[in-house]
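As stored in coords_39.txt (compact mmCIF, C-alpha atoms (C1' of nucleotides)):
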```txt
# COMPACT_ATOMS: atom_id res chain seq x y z
CA MET R 1 -9.41 -16.78 -2.60
CA ARG R 2 -8.82 -14.41 0.29
CA ILE R 3 -5.80 -12.12 0.07
CA ALA R 4 -4.41 -9.49 2.41
CA THR R 5 -1.66 -6.93 2.88
CA TRP R 6 -0.04 -6.11 6.21
CA ASN R 7 2.95 -4.04 7.23
CA VAL R 8 4.04 -6.26 10.13
CA ASN R 9 6.92 -4.08 11.44
CA SER R 10 9.38 -6.95 12.05
CA ILE R 11 8.29 -10.52 11.39
CA ARG R 12 10.57 -11.84 14.13
CA THR R 13 8.79 -9.74 16.76
CA ARG R 14 5.34 -10.28 15.24
CA VAL R 15 5.39 -13.93 14.15
CA GLY R 16 2.92 -15.06 16.81
CA ARG R 17 0.40 -12.36 16.05
CA VAL R 18 0.71 -12.88 12.30
CA THR R 19 0.26 -16.66 12.40
CA ASP R 20 -2.59 -16.29 14.92
CA TRP R 21 -4.36 -13.95 12.54
CA LEU R 22 -3.72 -16.19 9.53
CA GLU R 23 -5.17 -19.14 11.40
CA ARG R 24 -8.34 -17.20 12.27
CA SER R 25 -8.81 -15.32 9.02
CA ASN R 26 -8.89 -18.01 6.32
CA CYS R 27 -6.33 -16.03 4.36
CA ASP R 28 -4.82 -17.71 1.29
CA VAL R 29 -2.17 -15.13 0.41
CA LEU R 30 -0.74 -12.53 2.78
CA ALA R 31 1.57 -9.83 1.40
CA MET R 32 3.81 -8.56 4.20
CA GLN R 33 5.98 -5.46 4.41
CA GLU R 34 8.73 -4.40 6.81
CA ILE R 35 9.72 -7.94 7.70
CA LYS R 36 13.06 -6.40 8.72
CA CYS R 37 15.24 -9.47 8.28
CA LYS R 38 17.46 -11.51 6.02
CA PRO R 39 16.48 -14.99 4.77
CA ASP R 40 18.49 -16.82 7.45
CA GLN R 41 16.56 -14.90 10.14
CA PHE R 42 13.03 -15.52 8.86
CA PRO R 43 10.78 -17.73 11.06
CA PHE R 44 9.77 -20.10 8.25
CA GLU R 45 8.81 -23.00 10.55
CA ALA R 46 6.09 -21.05 12.36
CA PHE R 47 4.32 -20.45 9.05
CA GLU R 48 4.85 -23.97 7.75
CA LYS R 49 3.14 -25.29 10.87
CA PHE R 50 -0.06 -23.59 9.73
CA GLY R 51 0.31 -24.66 6.12
CA TYR R 52 1.80 -21.47 4.68
CA LYS R 53 4.76 -21.26 2.33
CA ILE R 54 6.99 -18.23 2.46
CA THR R 55 8.32 -16.26 -0.49
CA MET R 56 10.53 -13.46 0.76
CA HIS R 57 12.97 -10.73 -0.12
CA GLY R 58 14.99 -9.25 2.72
CA LEU R 59 18.50 -7.79 2.57
CA ASN R 60 19.09 -6.41 6.07
CA GLN R 61 17.27 -4.99 9.12
CA TRP R 62 15.36 -2.45 7.07
CA ASN R 63 12.35 -2.82 4.78
CA GLY R 64 11.86 -6.37 3.49
CA VAL R 65 8.78 -7.84 1.78
CA ALA R 66 7.27 -11.32 1.67
CA PHE R 67 4.28 -13.52 0.92
CA ALA R 68 2.83 -16.20 3.16
CA SER R 69 0.57 -18.37 1.04
CA LYS R 70 -1.34 -21.64 0.99
CA ILE R 71 -1.06 -21.44 -2.79
CA GLU R 72 2.21 -21.96 -4.64
CA ALA R 73 3.92 -18.73 -5.73
CA GLU R 74 4.79 -18.78 -9.42
CA ASP R 75 6.91 -16.46 -11.59
CA VAL R 76 8.46 -14.73 -8.58
CA GLU R 77 10.03 -11.36 -9.35
CA ILE R 78 12.23 -9.43 -6.91
CA GLY R 79 11.94 -5.66 -7.32
CA PHE R 80 10.65 -4.44 -10.66
CA SER R 81 12.05 -3.30 -13.98
CA GLY R 82 13.44 0.21 -13.62
CA MET R 83 13.18 0.29 -9.82
CA PRO R 84 15.21 3.25 -8.53
CA THR R 85 18.03 2.77 -6.05
CA PHE R 86 18.92 5.09 -3.17
CA LYS R 87 22.56 6.19 -3.38
CA ASP R 88 23.16 3.21 -5.67
CA VAL R 89 21.78 0.79 -3.09
CA GLU R 90 18.90 -1.47 -4.06
CA GLU R 91 16.34 -1.79 -1.27
CA ALA R 92 14.00 -4.71 -0.47
CA ARG R 93 10.70 -3.01 -1.18
CA ALA R 94 8.98 -4.99 -3.93
CA LEU R 95 8.11 -8.64 -4.51
CA THR R 96 5.70 -9.98 -7.12
CA ALA R 97 4.33 -13.46 -7.75
CA THR R 98 1.38 -15.21 -9.35
CA PHE R 99 -1.08 -17.19 -7.21
CA ASP R 100 -3.73 -19.23 -9.04
CA GLY R 101 -3.41 -16.93 -12.03
CA VAL R 102 -3.62 -13.72 -9.98
CA ARG R 103 -0.49 -11.56 -10.07
CA LEU R 104 0.14 -9.86 -6.74
CA SER R 105 2.79 -7.42 -5.57
CA SER R 106 3.87 -6.77 -1.98
CA LEU R 107 5.12 -3.19 -1.88
CA TYR R 108 6.75 -1.00 0.73
CA ILE R 109 6.90 2.46 -0.79
CA PRO R 110 9.67 4.70 0.61
CA ASN R 111 8.53 6.90 3.52
CA GLY R 112 9.95 10.16 2.19
CA ARG R 113 10.92 11.47 5.64
CA SER R 114 10.40 15.18 4.85
CA LEU R 115 9.62 17.32 1.82
CA GLU R 116 13.24 18.54 1.69
CA ASP R 117 14.86 15.12 2.11
CA ALA R 118 16.51 13.17 -0.70
CA HIS R 119 14.25 10.28 0.35
CA TYR R 120 11.24 12.33 -0.73
CA THR R 121 12.54 12.63 -4.29
CA TYR R 122 13.39 8.94 -4.16
CA LYS R 123 9.81 8.17 -3.09
CA LEU R 124 8.34 10.09 -6.04
CA GLU R 125 10.75 8.49 -8.52
CA TRP R 126 10.04 5.06 -7.09
CA LEU R 127 6.28 5.53 -7.52
CA GLU R 128 6.67 6.88 -11.04
CA ALA R 129 8.82 3.94 -12.09
CA LEU R 130 6.38 1.46 -10.54
CA ALA R 131 3.47 3.04 -12.43
CA ALA R 132 5.41 2.96 -15.71
CA THR R 133 6.36 -0.70 -15.34
CA THR R 134 2.81 -1.62 -14.28
CA ALA R 135 1.35 0.26 -17.25
CA GLU R 136 3.61 -1.69 -19.57
CA PHE R 137 2.51 -4.97 -18.02
CA LEU R 138 -1.16 -4.04 -18.38
CA GLU R 139 -0.69 -3.19 -22.05
CA HIS R 140 0.71 -6.65 -22.72
CA GLU R 141 -1.58 -8.62 -20.39
CA PRO R 142 -4.84 -6.73 -19.83
CA GLU R 143 -6.72 -9.95 -19.04
CA THR R 144 -4.42 -11.00 -16.21
CA PRO R 145 -5.87 -10.01 -12.84
CA ILE R 146 -3.27 -8.03 -10.91
CA ALA R 147 -3.15 -6.12 -7.65
CA LEU R 148 -0.57 -3.81 -6.13
CA MET R 149 -0.77 -4.29 -2.39
CA GLY R 150 1.11 -2.65 0.41
CA ASP R 151 2.12 0.33 2.47
CA PHE R 152 2.05 3.25 0.05
CA ASN R 153 2.98 5.84 2.68
CA ILE R 154 0.46 8.20 1.07
CA ALA R 155 -2.90 9.39 2.39
CA PRO R 156 -4.77 10.19 -0.85
CA LEU R 157 -7.64 12.15 0.76
CA ASP R 158 -7.71 14.73 3.53
CA THR R 159 -10.11 12.43 5.38
CA ASP R 160 -7.44 9.70 5.34
CA VAL R 161 -5.69 11.44 8.26
CA TRP R 162 -7.17 12.42 11.61
CA ASN R 163 -6.62 16.14 11.15
CA ILE R 164 -5.33 17.49 7.87
CA ASP R 165 -4.33 20.77 9.53
CA ASP R 166 -1.68 18.90 11.49
CA PHE R 167 -0.10 17.76 8.21
CA ALA R 168 0.79 21.14 6.75
CA GLY R 169 4.23 20.76 5.20
CA ALA R 170 4.38 17.06 5.97
CA THR R 171 4.93 14.05 3.75
CA HIS R 172 2.15 11.53 2.95
CA VAL R 173 -0.35 14.27 2.00
CA SER R 174 1.61 16.53 -0.36
CA ALA R 175 0.28 17.26 -3.86
CA PRO R 176 3.16 15.48 -5.66
CA GLU R 177 2.65 12.34 -3.57
CA ARG R 178 -1.08 12.35 -4.21
CA GLN R 179 -0.46 12.92 -7.90
CA ALA R 180 1.93 9.96 -7.93
CA PHE R 181 -0.79 7.87 -6.29
CA SER R 182 -3.46 8.97 -8.77
CA ALA R 183 -1.16 7.86 -11.61
CA PHE R 184 -2.07 4.28 -10.71
CA GLU R 185 -5.72 5.12 -11.33
CA GLN R 186 -4.81 6.68 -14.65
CA ILE R 187 -3.23 3.44 -15.85
CA GLY R 188 -6.33 1.44 -14.94
CA LEU R 189 -5.99 0.41 -11.31
CA THR R 190 -8.59 1.15 -8.65
CA ASP R 191 -8.64 0.94 -4.87
CA VAL R 192 -10.90 -2.09 -4.38
CA VAL R 193 -11.40 -1.42 -0.66
CA ARG R 194 -12.50 2.20 -0.53
CA PRO R 195 -15.84 1.79 -2.38
CA ARG R 196 -16.93 -0.70 0.29
CA ILE R 197 -15.21 1.02 3.24
CA PRO R 198 -15.28 4.77 2.56
CA GLN R 199 -13.76 5.85 5.86
CA ALA R 200 -11.21 3.91 7.92
CA TYR R 201 -7.59 4.03 9.02
CA THR R 202 -4.98 1.31 8.49
CA TYR R 203 -2.15 2.77 10.61
CA TRP R 204 -1.82 4.45 13.98
CA ASP R 205 1.57 5.69 15.19
CA TYR R 206 2.84 4.08 18.39
CA GLN R 207 3.55 7.55 19.75
CA GLN R 208 1.23 9.92 21.57
CA LEU R 209 -1.62 7.48 22.15
CA ARG R 210 -2.62 7.68 18.51
CA PHE R 211 -4.64 4.46 18.60
CA PRO R 212 -6.64 5.11 21.79
CA LYS R 213 -7.45 8.54 20.38
CA ASN R 214 -8.15 7.03 16.95
CA GLU R 215 -5.69 9.40 15.32
CA GLY R 216 -4.77 7.21 12.39
CA MET R 217 -3.96 7.28 8.70
CA ARG R 218 -5.16 5.35 5.68
CA ILE R 219 -1.97 4.48 3.83
CA ASP R 220 -2.25 0.73 3.05
CA PHE R 221 -4.03 -0.20 -0.15
CA ILE R 222 -5.04 -2.92 -2.58
CA LEU R 223 -5.09 -1.50 -6.11
CA GLY R 224 -6.47 -3.85 -8.76
CA ASN R 225 -7.02 -3.72 -12.51
CA ASP R 226 -10.52 -4.37 -13.90
CA SER R 227 -9.88 -8.11 -14.25
CA PHE R 228 -9.08 -8.18 -10.54
CA ALA R 229 -11.62 -5.64 -9.28
CA GLU R 230 -14.60 -7.32 -10.93
CA ARG R 231 -13.86 -10.49 -8.94
CA VAL R 232 -13.80 -8.80 -5.52
CA THR R 233 -16.71 -9.93 -3.37
CA GLU R 234 -15.70 -8.73 0.09
CA VAL R 235 -13.12 -6.54 1.79
CA SER R 236 -12.08 -5.71 5.34
CA ILE R 237 -9.73 -3.57 7.40
CA GLU R 238 -8.76 -5.60 10.46
CA ARG R 239 -8.80 -2.82 13.05
CA ASP R 240 -8.77 -5.24 15.99
CA GLU R 241 -5.21 -6.25 15.05
CA ARG R 242 -4.01 -2.91 16.43
CA LYS R 243 -5.27 -3.91 19.89
CA GLY R 244 -3.70 -6.03 22.59
CA GLU R 245 -0.12 -7.01 23.30
CA GLY R 246 2.62 -6.27 20.81
CA PRO R 247 0.67 -5.10 17.77
CA SER R 248 2.15 -3.76 14.55
CA ASP R 249 1.38 -0.09 13.98
CA HIS R 250 -0.46 -1.20 10.80
CA VAL R 251 -3.43 -3.60 10.44
CA PRO R 252 -4.27 -6.09 7.68
CA VAL R 253 -6.34 -4.97 4.71
CA THR R 254 -8.11 -7.87 2.97
CA ALA R 255 -9.99 -8.66 -0.22
CA THR R 256 -11.87 -11.82 -1.12
CA ILE R 257 -12.05 -12.61 -4.83
CA SER R 258 -14.22 -15.14 -6.63
C1' DA D 24 5.73 14.66 28.62
C1' DT D 25 9.26 13.79 22.45
C1' DG D 26 2.95 9.36 26.63
C1' DT D 27 6.78 4.49 20.95
C1' DC D 28 8.81 0.64 18.91
C1' DG D 29 12.40 -2.25 16.71
C1' DC D 30 16.72 -2.69 14.52
C1' DC D 31 21.88 -2.48 15.12
C1' DT D 32 26.44 -2.83 17.81
C1' DA D 33 28.31 -5.02 21.50
C1' DC D 34 27.17 -5.68 26.86
C1' DG D 35 25.27 -0.60 28.09
C1' DA D 36 23.24 2.79 25.88
C1' DG D 37 23.06 5.42 22.03
C1' DG D 38 22.05 5.90 16.98
C1' DC D 39 18.88 5.27 13.32
C1' DG D 40 14.43 4.76 10.98
C1' DA D 41 9.55 5.07 11.05
```

Please lay out the structure from this file as structure tokens.
Amino acid sequence: MRIATWNVNSIRTRVGRVTDWLERSNCDVLAMQEIKCKPDQFPFEAFEKFGYKITMHGLNQWNGVAFASKIEAEDVEIGFSGMPTFKDVEEARALTATFDGVRLSSLYIPNGRSLEDAHYTYKLEWLEALAATTAEFLEHEPETPIALMGDFNIAPLDTDVWNIDDFAGATHVSAPERQAFSAFEQIGLTDVVRPRIPQAYTYWDYQQLRFPKNEGMRIDFILGNDSFAERVTEVSIERDERKGEGPSDHVPVTATIS
DNA sequence: ATGTCGCCTACGAGGCGA
């Protein structure tokens, strides 16, 4: 089974590129983030044409997460237990389902905006709650293979950004964010891509020629428990998907499991 | 060069979020 995660930055704008990639990539389950639409706006037919079923959660023009899969999604869960709200508003940032016995989450972690912003506190709380709920799940079902997949909006290592000196005082690299990220490792999840691809970016800002200059960030991850990680046979970061006409600012990250 | 993109409202262009 080949799975992938991709922040598509609007599925309505990107539908052609996403279905083109699915057709070429032999992907069984794609976790998408930032679909940026409500259910009545989602281009279901384009995916159905290529044999993919859509499971989605979108509330408005912001955020939004989904799966496109050749495999039936079972036990679908919107959000997660204890998921924080922002100013009492629930956001469309988490969707979980089981595919052939593998439990996968599509996650769009809050950006944080700046270290002084209320969204930064929200980001840290959101990550802490996700780790707590995941830890509880793993205690009850350690044998179930699971993976948290998505745009974490955190660069865990200094080498995950093009120049760490440019990130002084910025989000994505702060100690609290990195600590929140490492909490997933403490509860038994590991990044299944990094051991096989030690250095690569998954995101390049549209601004300031970041991609031509290869000034990117590694912020999209697949974190699996042991039951998942031991089945991984191959991974990739689809850098070519940042090229050409109308790309997302993120590229797909994939894992093949036996 | 603040070298971009995509959403919204509401019909032109500005505001917001990333």

Could you list the residues in chain R lying within 8 Å of chain D, using all atoms listed in the file, and format the result as a PDB file with C-alpha atoms, in the frame of the given file?
```pdb
ATOM      1  CA  ASN R   9       6.920  -4.080  11.440  1.00  0.00           C
ATOM      2  CA  SER R  10       9.380  -6.950  12.050  1.00  0.00           C
ATOM      3  CA  LYS R  36      13.060  -6.400   8.720  1.00  0.00           C
ATOM      4  CA  GLN R  61      17.270  -4.990   9.120  1.00  0.00           C
ATOM      5  CA  TRP R  62      15.360  -2.450   7.070  1.00  0.00           C
ATOM      6  CA  ASN R 111       8.530   6.900   3.520  1.00  0.00           C
ATOM      7  CA  ASP R 205       1.570   5.690  15.190  1.00  0.00           C
ATOM      8  CA  TYR R 206       2.840   4.080  18.390  1.00  0.00           C
ATOM      9  CA  GLN R 207       3.550   7.550  19.750  1.00  0.00           C
ATOM     10  CA  GLN R 208       1.230   9.920  21.570  1.00  0.00           C
ATOM     11  CA  LEU R 209      -1.620   7.480  22.150  1.00  0.00           C
TER      12      LEU R 209
END
```

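In terms of minimum interatomic distance to R:Ile109, R:Asp220 ranks closest within R:Glu139, R:Asp88, R:Asp220, R:Glu74, counting all atoms listed in the file.
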
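Interatomic distance, atom CA of R:Asp117 to atom CA of R:Ala200: 29.0 Å.
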
Please give the centre and size of the box around stretch 23-33 of chain R (axis-aligned, containing every atom listed in the file, 8 Å added per side), with values in Å to one decimal and written as lines of an AutoDock Vina configuration file.
```
center_x = -1.5
center_y = -12.3
center_z = 6.3
size_x = 30.9
size_y = 29.7
size_z = 27.9
```

Determine, counting all atoms listed in the file, which protein, DNA and RNA residues have an atom within 7 Å of an atom of R:Ala97; residues of the same chain fewer than 3 positions away are not included. Present the result as a PyMOL selection string. chain R and resi 73-77+103-105

Select, counting all atoms listed in the file, all protein, DNA and RNA residues no farther than 12 Å from (5.6, 16.5, 3.5) in file coordinates, and express the selection as a count of residues only. 29

Counting only C-alpha atoms (C1' of nucleotides), write as a PyMOL selection string all protein and nucleic acid residues lying at most 9 Å from (-5.1, -4.7, -5.7) in the file's frame. chain R and resi 104-105+145-150+189-193+221-225+228-229+255

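The space between atom CA of R:Ile78 and atom CA of R:Ala94 spans 6.3 Å.
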
Please list as a PyMOL selection string every residue within 9 Å of R:Ser69, counting all atoms listed in the file and excluding residues in the same chain fewer than 6 positions away. chain R and resi 3+27-31+51-55+99
